[in-house]
Every structure is written in C-alpha cells, then in structure tokens.
$ cat work_22.cif   # mmCIF, C-alpha atoms
data_run
#
loop_
_atom_site.label_atom_id
_atom_site.label_comp_id
_atom_site.auth_asym_id
_atom_site.auth_seq_id
_atom_site.Cartn_x
_atom_site.Cartn_y
_atom_site.Cartn_z
CA MET A 1 18.21 -3.09 78.56
CA HIS A 2 16.26 -0.52 80.56
CA LYS A 3 18.43 1.36 83.05
CA ASN A 4 16.21 0.13 85.89
CA GLU A 5 16.00 -3.45 84.62
CA HIS A 6 17.68 -4.75 87.78
CA LEU A 7 14.68 -3.49 89.81
CA PHE A 8 12.14 -5.62 87.97
CA PRO A 9 11.14 -9.12 89.17
CA LYS A 10 12.61 -11.88 87.01
CA PHE A 11 9.54 -14.09 86.67
CA HIS A 12 6.69 -11.59 86.86
CA VAL A 13 4.57 -11.24 83.71
CA ARG A 14 5.00 -7.77 82.28
CA PRO A 15 4.59 -6.42 78.75
CA PRO A 16 7.29 -4.22 77.22
CA ARG A 17 5.20 -1.06 77.60
CA GLY A 18 1.90 0.23 78.94
CA PHE A 19 0.04 -0.36 82.20
CA VAL A 20 -0.67 -3.78 83.74
CA ASN A 21 -3.60 -4.39 86.07
CA ASP A 22 -5.36 -7.51 87.43
CA PRO A 23 -4.38 -11.00 86.19
CA ASN A 24 -7.48 -12.79 84.90
CA GLY A 25 -8.28 -16.14 83.40
CA PRO A 26 -5.31 -18.42 84.13
CA CYS A 27 -5.93 -21.79 82.49
CA LEU A 28 -4.21 -24.92 81.19
CA ILE A 29 -4.61 -25.75 77.48
CA ASP A 30 -2.96 -28.87 76.06
CA GLY A 31 -0.36 -28.86 78.82
CA VAL A 32 0.55 -25.18 78.37
CA PHE A 33 -0.26 -22.49 80.93
CA HIS A 34 -2.12 -19.45 79.59
CA LEU A 35 -2.69 -16.21 81.45
CA PHE A 36 -4.90 -13.27 80.49
CA TYR A 37 -4.53 -9.93 82.23
CA GLN A 38 -5.96 -6.42 82.19
CA TYR A 39 -3.71 -4.18 80.14
CA ARG A 40 -3.53 -0.66 78.75
CA HIS A 41 -1.25 -0.20 75.76
CA ALA A 42 -0.37 3.25 77.13
CA THR A 43 -0.19 4.63 80.66
CA ASP A 44 -2.82 7.25 79.82
CA ALA A 45 -5.87 6.33 81.91
CA SER A 46 -8.17 7.22 78.99
CA THR A 47 -6.77 4.28 77.00
CA PRO A 48 -9.37 1.43 77.14
CA VAL A 49 -8.45 -1.68 79.09
CA VAL A 50 -7.99 -4.89 77.07
CA TRP A 51 -7.07 -8.46 78.03
CA GLY A 52 -3.42 -9.22 77.29
CA HIS A 53 -2.34 -12.81 76.70
CA VAL A 54 0.78 -14.82 77.54
CA SER A 55 1.61 -18.52 77.74
CA SER A 56 4.29 -20.60 79.40
CA PRO A 57 5.35 -24.25 79.61
CA ASP A 58 6.84 -23.79 83.08
CA LEU A 59 5.44 -20.57 84.66
CA ALA A 60 8.88 -18.98 84.32
CA LYS A 61 9.45 -18.28 80.62
CA TRP A 62 6.54 -16.46 78.98
CA THR A 63 5.55 -15.89 75.35
CA HIS A 64 3.58 -12.71 74.63
CA TYR A 65 0.79 -12.54 72.06
CA ARG A 66 -1.41 -9.82 70.67
CA SER A 67 -4.29 -8.77 72.93
CA ALA A 68 -6.85 -11.55 73.18
CA ILE A 69 -9.95 -9.45 73.95
CA THR A 70 -10.33 -5.82 72.90
CA PRO A 71 -13.36 -3.52 73.17
CA LEU A 72 -15.96 -4.07 70.48
CA PRO A 73 -16.97 -0.68 69.01
CA GLY A 74 -20.62 -0.14 69.84
CA GLY A 75 -20.66 -3.39 71.82
CA PRO A 76 -21.29 -4.13 75.51
CA ASP A 77 -17.59 -3.70 76.37
CA SER A 78 -16.74 -0.74 74.15
CA ASP A 79 -15.16 1.22 77.02
CA GLY A 80 -13.06 -1.55 78.53
CA ILE A 81 -12.51 -5.21 79.36
CA TYR A 82 -12.42 -5.74 83.13
CA SER A 83 -12.22 -8.52 85.73
CA GLY A 84 -13.36 -12.10 85.29
CA ASN A 85 -11.96 -15.56 84.59
CA THR A 86 -11.82 -18.29 81.95
CA VAL A 87 -13.19 -21.82 81.72
CA VAL A 88 -11.89 -24.43 79.28
CA ASN A 89 -14.56 -26.97 78.34
CA ASP A 90 -14.98 -29.20 75.26
CA GLY A 91 -12.05 -27.48 73.54
CA ILE A 92 -13.55 -24.01 73.89
CA VAL A 93 -12.08 -21.27 76.07
CA ARG A 94 -14.87 -19.20 77.57
CA ALA A 95 -13.98 -15.80 79.00
CA PHE A 96 -16.35 -14.37 81.58
CA TYR A 97 -15.65 -10.72 82.33
CA SER A 98 -17.08 -7.30 83.12
CA GLY A 99 -17.74 -5.06 80.14
CA LYS A 100 -17.50 -1.35 80.81
CA LEU A 101 -19.77 1.27 79.25
CA LEU A 102 -19.27 4.84 80.40
CA ASP A 103 -22.98 5.61 80.14
CA HIS A 104 -24.12 2.51 82.06
CA PRO A 105 -24.23 2.33 85.89
CA HIS A 106 -23.01 -1.28 86.02
CA GLN A 107 -20.22 -3.33 84.46
CA LEU A 108 -22.31 -6.23 83.18
CA PRO A 109 -21.01 -9.82 83.08
CA LEU A 110 -20.22 -10.90 79.52
CA LEU A 111 -19.26 -14.15 77.83
CA ALA A 112 -16.91 -14.43 74.85
CA LYS A 113 -15.69 -17.69 73.32
CA SER A 114 -12.41 -18.76 71.72
CA GLU A 115 -12.01 -21.81 69.49
CA ASN A 116 -8.29 -21.19 68.83
CA LYS A 117 -6.83 -21.80 72.30
CA GLY A 118 -7.38 -18.27 73.53
CA ALA A 119 -5.60 -16.49 70.68
CA SER A 120 -8.76 -14.51 69.88
CA PHE A 121 -12.35 -14.37 71.07
CA GLY A 122 -15.66 -13.86 69.34
CA ALA A 123 -18.15 -11.08 70.02
CA PRO A 124 -19.29 -10.90 73.65
CA ARG A 125 -22.86 -11.17 74.87
CA HIS A 126 -24.67 -10.45 78.13
CA ILE A 127 -25.34 -13.55 80.19
CA ILE A 128 -27.45 -12.06 83.00
CA PRO A 129 -29.64 -8.95 83.08
CA ALA A 130 -28.63 -5.77 84.83
CA PRO A 131 -29.96 -5.35 88.38
CA SER A 132 -32.13 -2.36 89.17
CA VAL A 133 -30.21 0.81 90.02
CA ASP A 134 -32.85 1.39 92.69
CA GLU A 135 -31.53 -1.73 94.44
CA VAL A 136 -27.87 -2.09 93.45
CA HIS A 137 -25.22 0.63 93.06
CA THR A 138 -22.31 -1.62 92.03
CA PHE A 139 -22.35 -4.92 90.13
CA ARG A 140 -19.32 -6.50 88.46
CA ASP A 141 -16.55 -9.14 88.34
CA PRO A 142 -17.97 -12.60 87.44
CA TYR A 143 -16.12 -15.74 88.52
CA VAL A 144 -17.15 -19.17 87.18
CA TRP A 145 -16.33 -22.68 88.40
CA ARG A 146 -17.47 -26.28 87.91
CA THR A 147 -19.79 -27.89 90.46
CA PRO A 148 -20.91 -31.54 90.83
CA GLY A 149 -24.19 -30.61 89.13
CA GLY A 150 -22.93 -28.23 86.45
CA TRP A 151 -21.51 -24.72 86.81
CA ALA A 152 -21.73 -21.79 89.20
CA MET A 153 -20.92 -18.11 88.90
CA VAL A 154 -20.53 -15.46 91.57
CA VAL A 155 -20.74 -11.70 90.87
CA GLY A 156 -19.76 -8.94 93.31
CA ALA A 157 -22.48 -6.49 94.27
CA GLY A 158 -23.19 -3.59 96.58
CA THR A 159 -26.77 -2.68 97.46
CA ASN A 160 -28.28 0.70 98.24
CA ALA A 161 -29.44 -0.81 101.54
CA GLY A 162 -25.79 -1.05 102.64
CA ASN A 163 -25.06 -4.73 101.99
CA ALA A 164 -22.03 -6.23 100.28
CA GLU A 165 -23.01 -9.36 98.36
CA ALA A 166 -21.56 -12.21 96.36
CA ARG A 167 -24.51 -13.05 94.12
CA LEU A 168 -24.76 -16.65 92.93
CA TYR A 169 -25.92 -17.96 89.55
CA THR A 170 -26.05 -21.54 88.25
CA SER A 171 -25.97 -23.12 84.79
CA ASP A 172 -26.05 -26.48 83.05
CA ASP A 173 -24.32 -25.36 79.88
CA LEU A 174 -22.25 -22.21 80.64
CA ASP A 175 -24.53 -20.21 78.34
CA HIS A 176 -27.79 -19.86 80.28
CA TRP A 177 -27.70 -18.69 83.89
CA THR A 178 -30.27 -18.76 86.69
CA PRO A 179 -30.19 -16.49 89.79
CA SER A 180 -29.65 -18.66 92.90
CA GLY A 181 -29.57 -16.19 95.78
CA ASN A 182 -26.40 -15.05 97.53
CA LEU A 183 -23.32 -17.14 98.13
CA ALA A 184 -22.50 -14.67 100.92
CA ALA A 185 -23.70 -11.26 102.11
CA MET A 186 -22.92 -8.83 104.92
CA ALA A 187 -24.29 -5.51 106.04
CA ARG A 188 -21.56 -2.87 105.94
CA ARG A 189 -20.04 -2.22 109.35
CA ARG A 190 -16.76 -1.84 111.17
CA VAL A 191 -15.12 -4.85 112.79
CA ASP A 192 -12.06 -4.26 114.96
CA GLY A 193 -11.73 -0.87 113.32
CA LEU A 194 -11.88 -2.27 109.76
CA ASP A 195 -14.59 -1.43 107.22
CA THR A 196 -16.21 -4.60 105.81
CA GLY A 197 -16.94 -2.70 102.60
CA GLU A 198 -19.87 -1.36 100.63
CA MET A 199 -19.39 -4.10 97.99
CA TRP A 200 -17.13 -7.11 97.43
CA GLU A 201 -14.90 -6.65 94.43
CA CYS A 202 -13.50 -9.57 92.43
CA PRO A 203 -15.04 -12.43 94.47
CA GLN A 204 -13.33 -15.77 93.83
CA VAL A 205 -14.11 -19.28 94.98
CA VAL A 206 -11.55 -22.01 95.65
CA VAL A 207 -12.94 -25.56 95.39
CA GLU A 208 -11.60 -29.09 95.15
CA ALA A 209 -11.29 -30.54 91.67
CA VAL A 210 -14.63 -31.86 90.46
CA LYS A 211 -14.90 -34.59 87.84
CA PRO A 212 -17.23 -33.75 84.92
CA ARG A 213 -20.58 -35.47 85.23
CA ALA A 214 -21.41 -38.27 82.82
CA THR A 215 -23.40 -37.34 79.74
#
$ encode --input "work_22.cif" --output "structure tokens"
Amino acid sequence: MHKNEHLFPKFHVRPPRGFVNDPNGPCLIDGVFHLFYQYRHATDASTPVVWGHVSSPDLAKWTHYRSAITPLPGGPDSDGIYSGNTVVNDGIVRAFYSGKLLDHPHQLPLLAKSENKGASFGAPRHIIPAPSVDEVHTFRDPYVWRTPGGWAMVVGAGTNAGNAEARLYTSDDLDHWTPSGNLAAMARRRVDGLDTGEMWECPQVVVEAVKPRAT
C-alpha cells in the first residue's frame, strides 16, 4: 500500500501510475458501465495522451484494461488523444474525440469504431474538415448525442473575431456530418467581473432520453 493511500478517494477511478486527465466516453454496454479517460502512462508532459479504459457493474468496483485508443503513428492523432465522448449504436462503440498534431493549428474531430465492446478501436478518420485559420483560432472537443431525427454533434470553437462558439453538426448515420450553424455563440466580454471566454472548451449537451426512430 502506498504511504499516502489513506488520502486517496475510495471510489474514484485512478490507474496505478501516470497522469489522469478528463473522463470521456462513459457508456453502458450489456448492463456494464464503461468509462474512457485521458491518460498519460508517465507524468512527463511529453508522453502522448491516450484513452484509458475501465468498467464496473456498480460504479464502485472498477476493472482496468489496456489503453483503448492510442496515437496512430503518422495518423491524425499521432500526438495525442483528447476530449470527446462515445456512442453505442447497433452493437458498435463509436468514439468521437479530438486528435492532436503538433504541426496543425486545430485538434480535429475524429471517429474511431470498436466492435469488441470498447476493448480496442480501429483507425480513426476525420469526420469534418478543418475550419480556416483566418476565421478560427481554436477548434476541438466533439460531443455527440441522439436527436428525434438522427444525431447531433457540437464542437467548441473560438473565432478571430472574438466569439466563443458551440458549432453544431447533424447526421443520419454517425458517419457523415453536415454543418448546421451554431448551437450557441457569444462575443467575448466581462459579465459581473467574469470573462465569458475566448472559446468554449468541452461543450456538452444534456437531453432527455430519445427513442430510436423506426427504420
């Protein structure tokens, strides 16, 4: 037991070593809770971020697995796997996340699929094109949810004109996405002494459960 074990929370997900960042992609698969989370295997900040993976039958006792998504050498996420979420549909776990490339100005939204209950994911691909750097200085963190008519995705953005935006995209099949304006936007300013921000990081949407449409 670590000498400071008594200081750690009893039910908080934590790997035995390394650096833990944002939780991403909680989902329910065959009655078991799965959680993916940003993770560095070492505390050195130069170590690329991956998505760790745990599961639990009761949200108290967790089983750890090998990393579910790791950077693909030469791929669109070769310098790190960052924020997003997962969607389980037709037995496939789809991970939507930001892929980091050190030589690219934006972390572009990617999609990777798992057919083995999230144990591993296939090669990622871009699902929407990069915005112009003349217009947008920051663009990252996709979040996907079901709508009555299909699916929606919001991506955080910050424009060079000084606006923070939650950009909206829609899809019928989770693979092909159409720009649909902004879900929300605000010019940067101070309100009651607080900065509203130059961009909105990790936007998330909470909705009522929606039944799948008939096919």
$ residues_around --input "work_22.cif" --residues "range 48-64 of chain A" --least-positions-apart "5" --cutoff "7 Å" --atoms "only C-alpha atoms" --output "JSON list (two decimals) with C-alpha atoms, in the frame of the given file"
[["chain", "number", "residue", "atom", "x", "y", "z"],
["A", 11, "PHE", "CA", 9.54, -14.09, 86.67],
["A", 32, "VAL", "CA", 0.55, -25.18, 78.37],
["A", 33, "PHE", "CA", -0.26, -22.49, 80.93],
["A", 34, "HIS", "CA", -2.12, -19.45, 79.59],
["A", 35, "LEU", "CA", -2.69, -16.21, 81.45],
["A", 36, "PHE", "CA", -4.90, -13.27, 80.49],
["A", 37, "TYR", "CA", -4.53, -9.93, 82.23],
["A", 38, "GLN", "CA", -5.96, -6.42, 82.19],
["A", 39, "TYR", "CA", -3.71, -4.18, 80.14],
["A", 40, "ARG", "CA", -3.53, -0.66, 78.75],
["A", 69, "ILE", "CA", -9.95, -9.45, 73.95],
["A", 70, "THR", "CA", -10.33, -5.82, 72.90],
["A", 71, "PRO", "CA", -13.36, -3.52, 73.17],
["A", 79, "ASP", "CA", -15.16, 1.22, 77.02],
["A", 80, "GLY", "CA", -13.06, -1.55, 78.53],
["A", 81, "ILE", "CA", -12.51, -5.21, 79.36],
["A", 82, "TYR", "CA", -12.42, -5.74, 83.13]]
$ atom_distance --input "work_22.cif" --atom1 "CA of Asp134 in chain A" --atom2 "CA of Asp175 in chain A"
27.2 Å
$ closest_atom_pairs --input "work_22.cif" --of "range 19-87 of chain A" --to "range 156-173 of chain A" --cutoff "12 Å" --atoms "only C-alpha atoms" --output "tab-separated table"
residue	atom	partner	partner_atom	distance
A:Ser83	CA	A:Gly156	CA	10.7
A:Gly84	CA	A:Gly156	CA	10.7
A:Val87	CA	A:Asp173	CA	11.8
$ resolve_selection --input "work_22.cif" --expression "the PyMOL selection byres ((chain A and resi 95) around 7)" --output "PDB file with C-alpha atoms, in the coordinates of the input"
ATOM      1  CA  ASN A  85     -11.960 -15.560  84.590  1.00  0.00           C
ATOM      2  CA  THR A  86     -11.820 -18.290  81.950  1.00  0.00           C
ATOM      3  CA  VAL A  87     -13.190 -21.820  81.720  1.00  0.00           C
ATOM      4  CA  VAL A  93     -12.080 -21.270  76.070  1.00  0.00           C
ATOM      5  CA  ARG A  94     -14.870 -19.200  77.570  1.00  0.00           C
ATOM      6  CA  PHE A  96     -16.350 -14.370  81.580  1.00  0.00           C
ATOM      7  CA  TYR A  97     -15.650 -10.720  82.330  1.00  0.00           C
ATOM      8  CA  LEU A 111     -19.260 -14.150  77.830  1.00  0.00           C
ATOM      9  CA  ALA A 112     -16.910 -14.430  74.850  1.00  0.00           C
ATOM     10  CA  LYS A 113     -15.690 -17.690  73.320  1.00  0.00           C
TER      11      LYS A 113
END
$ atom_distance --input "work_22.cif" --atom1 "CA of Leu174 in chain A" --atom2 "CA of His126 in chain A"
12.3 Å
$ closest_residue --input "work_22.cif" --among "A:Phe19, A:Asp141, A:Asp90, A:Asp195" --to "Lys117 in chain A" --atoms "all atoms listed in the file"
A:Asp90
$ axis_aligned_box --input "work_22.cif" --around "range 68-86 of chain A" --padding-each-side "5 Å" --output "JSON"
{"center_x": -14.1, "center_y": -8.5, "center_z": 77.4, "size_x": 24.4, "size_y": 29.5, "size_z": 26.7}
